[in-house]
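So the structure is just underneath, and the comments pick up after that.
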Amino acid sequence: MLALLLRDLRLATRAGGGFGLSLAFFLIVTVLVPFGVGPQSERLAAIAPGILWVGALLACLLSLDRIFALDREDGSLDLLATAPVPLEGVVAVKAVAHWLTTGLPLTLAAPVLGILLSLPAGGYVWLALSLALGTPALSFIGAFGAAVTVGLKRGGLLLSLLVLPLYIPTLIFGAEAARRGTEGLSPATPLLMLAGITLGALALLPFAGAAAIRAGLR
Amino acid sequence: MSIWEYANPKKFMETSSWALPWVTGLAVVTLLTGLVWGFFFTPDDYRQGSTVKIIYIHVPAAMMAINCWAMMLVTSLIWLVRRHHVSVLAAKAAAPVGMTMTLIALFTGAIWGQPMWGTWWAWDPRLTSFLILFLFYLGYLALWEAVDDPDSAADLTSVLCLVGSVFALLSRYAVLFWNQGLHQGASLSLDSKEHVSDVFAYPLWTSMAGFVLLFLTLVLLRTRTEIRARRLRALEARERMA
């Protein structure tokens with residue numbers, strides 16, 4: 001399983017792996033927002049935590065179909081499914097690799113992009129913390145969505161339709177934690193809920209994802 | 001005699017062809033009674049005027065929208081555990097009905113909200129969770145459309161239905177946390193003290209029963225169609241082989 005993780009990380013970071021793509025997308029979305037709502041810093045500061053969360057979520061969505069699609073095309077998914085590793089473990093490892101190459105960089109980049117949206121000084125820690133807690137859930141939910149759509153022709157569009165409603169609770173609690181932290185309120189409750197969602201997704205969704213892959217490969 | 005006998009499509013078709021006219025008739029009678037009673041033989045509310053009559057469509061539709069998903073959850077589970085085709089086809093047949101019920105609830109709610117709250121839409125927890133439920137129905141149906149092989153389609157949609165149920169419930173409580181609501185609490189329940197007046201409650205119960213029967217009729221009808229479509233497909237495949 002460690003070998004699989006290292007392989008996925010290597011594939012993602014090499015040329016053509018699309019490693020920087022979601023980061024660049026996140027940057028562009030953040031840059032577009034002031035053009036849309038105007039450059040007044042008070043207005044930007046008020047919506048900054050929410051915008052950064054939505055941006056990170058969309059950037060995460062962008063790279064989801066790569067989790068299984070490439071392996072399916074060259075046949076390595078069949079090998080993985082028949083390998084002596086449990087398929088649930090494969091799904092979990094793939095989700096972890098996706099988080100390491102997408103969620104973690106997005107979390108690290110978010111405070112920097114917060115400067116562009118004039119995020120108030122108190123908000124940086126909470127934004128980064130809420131993203132660090134929430135993005136694993138995004139990766140695991142996304143891996144499940146990718147597993148469901150892996151064998152389909154128009155999988156990409158369907159993937160967003162399936163995954164985005166599943167992202168709603170994570171987004172609500174994540175953005176709420178970041179907003180409360182920014183406004184100086186206590187973000188403890190939404191952070192705990194967010195952590196709960198992440199742990200639940202980590203524990204249960206690999207099983208659902210593996211079941212979906214088995215159905216897709218039949 | 002057990003309920004699992006109806007997992008046999010032939011048995012299901014026989015029983016449902018016998019039951020369908022009865023259920024349909026009952027649905028028509030109950031629904032007409034409830035709606036006519038509600039629309040023409042109840043007084044106007046003293047603050048809401050005649051707009052209160054939207055309740056006879058709004059509340060039953062909203063109830064069926066949620067119960068339909070619950071039914072899909074149960075039938076999907078039965079498919080995953082016992083692999084009865086009729087079960088998963090019933091889930092497939094129920095989904096568009098449930099989606100329509102969700103839409104009806106949202107639209108009648110908007111029409112009711114305009115004169116009462118002065119707005120068509122508010123990001124109220126109940127309204128928002130219904131919109132989210134609608135998105136779940138949309139995804140579920142789109143997945144059925146997208147998969148060619150019927151068995152993997154059944155598996156994938158069933159798994160999605162299970163995972164979706166968990167997340168739909170999570171969203172329900174997340175939006176409660178996220179925003180305060182305009183919508184009133186439950187007006188009908190068996191145990192609470194505060195209650196909608198009996199004048200409104202009896203036609204409302206009738207029309208809710210009518211919606212349940214209507215849902216049953218539509219699901220039976222659509223399940224029968226799905227089974228016939230499956231048989232046609234099998235016949236065509238046999239034709240091609242020969």
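Letters A, B, ... mark the chains of the structure tokens in the order given; residue numbers begin at 1 per chain; ligand numbers begin at 1, in order shown.
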
| request: Restrict the distance test to only C-alpha atoms, flag each residue of chain B within 12 Å of chain A, and return the flagged residues as a VMD selection string. | output: chain B and resid 80 128 to 179

| Quick one: residues within 6 Å of range 41-58 of chain A, only C-alpha atoms counted, chain neighbours fewer than 2 positions away excluded, as a PyMOL selection string? | chain A and resi 26+60-61+117-119+175+178-179

Kindly export the residues of the current selection with C-alpha atoms, as a short mmCIF file (atom, residue, chain, number, x, y, z; two decimals), in the first residue's frame.
data_model
loop_
_atom_site.label_atom_id
_atom_site.label_comp_id
_atom_site.auth_asym_id
_atom_site.auth_seq_id
_atom_site.Cartn_x
_atom_site.Cartn_y
_atom_site.Cartn_z
CA PHE A 26 -7.66 28.21 -7.05
CA CYS A 60 -10.40 19.91 -5.39
CA LEU A 61 -13.25 18.79 -7.65
CA LEU A 117 -9.02 39.15 -0.51
CA SER A 118 -7.87 41.27 2.49
CA LEU A 119 -8.78 38.57 4.98
CA ALA A 175 -16.80 28.00 5.93
CA ALA A 178 -13.42 30.08 9.11
CA ARG A 179 -16.02 32.87 9.32
#

| query | Between CA of Tyr6 in chain B and CA of Met64 in chain B, what is the distance, to one decimal in Å? | reply | 23.4 Å

| message | Going by DSSP on the backbone, which residues of range 140-239 of chain B come out as helix (DSSP H, G or I)? List them as a PyMOL selection string. | response | chain B and resi 140-146+150-178+198-239

| message | To one decimal place in Å, what is the distance between CA of Ser16 in chain B and CA of Asn67 in chain B? | response | 20.9 Å

Using only C-alpha atoms, I'd like a table of the residues in range 87-191 of chain B that come within 7 Å of range 213-233 of chain B; for each, show the closest atom pair and its distance in Å rounded to one decimal, ordered by chain and ascending number, as a tab-separated table.
residue	atom	partner	partner_atom	distance
B:Leu89	CA	B:Thr223	CA	6.0
B:Ala90	CA	B:Thr223	CA	5.2
B:Ala93	CA	B:Arg222	CA	5.2
B:Ala94	CA	B:Val219	CA	5.4

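Reported to one decimal place, the separation of CA of Ala201 in chain A from CA of Leu70 in chain A is 23.7 Å.
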
| message | I'd like the neighbourhood of Ile28 in chain A as a PyMOL selection string, where a residue qualifies if any of its atoms comes within 12 Å (using only C-alpha atoms), though same-chain residues fewer than 4 positions away should be ignored. | response | chain A and resi 21-24+32-35+52+55-56+58-59+113+116

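Using only C-alpha atoms for every distance, the candidate list B:Met13, B:Met63, B:Leu31, B:Ala7 yields B:Ala7 as the residue closest to Val88 in chain B.
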
| Polymer residues at most 9 Å from Phe200 in chain B, only C-alpha atoms, same-chain spacing of 6 or more positions, as a list in words |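 My reading of the contact set: Gly38, Thr42, Pro43, Lys53 and Tyr56 of chain B.
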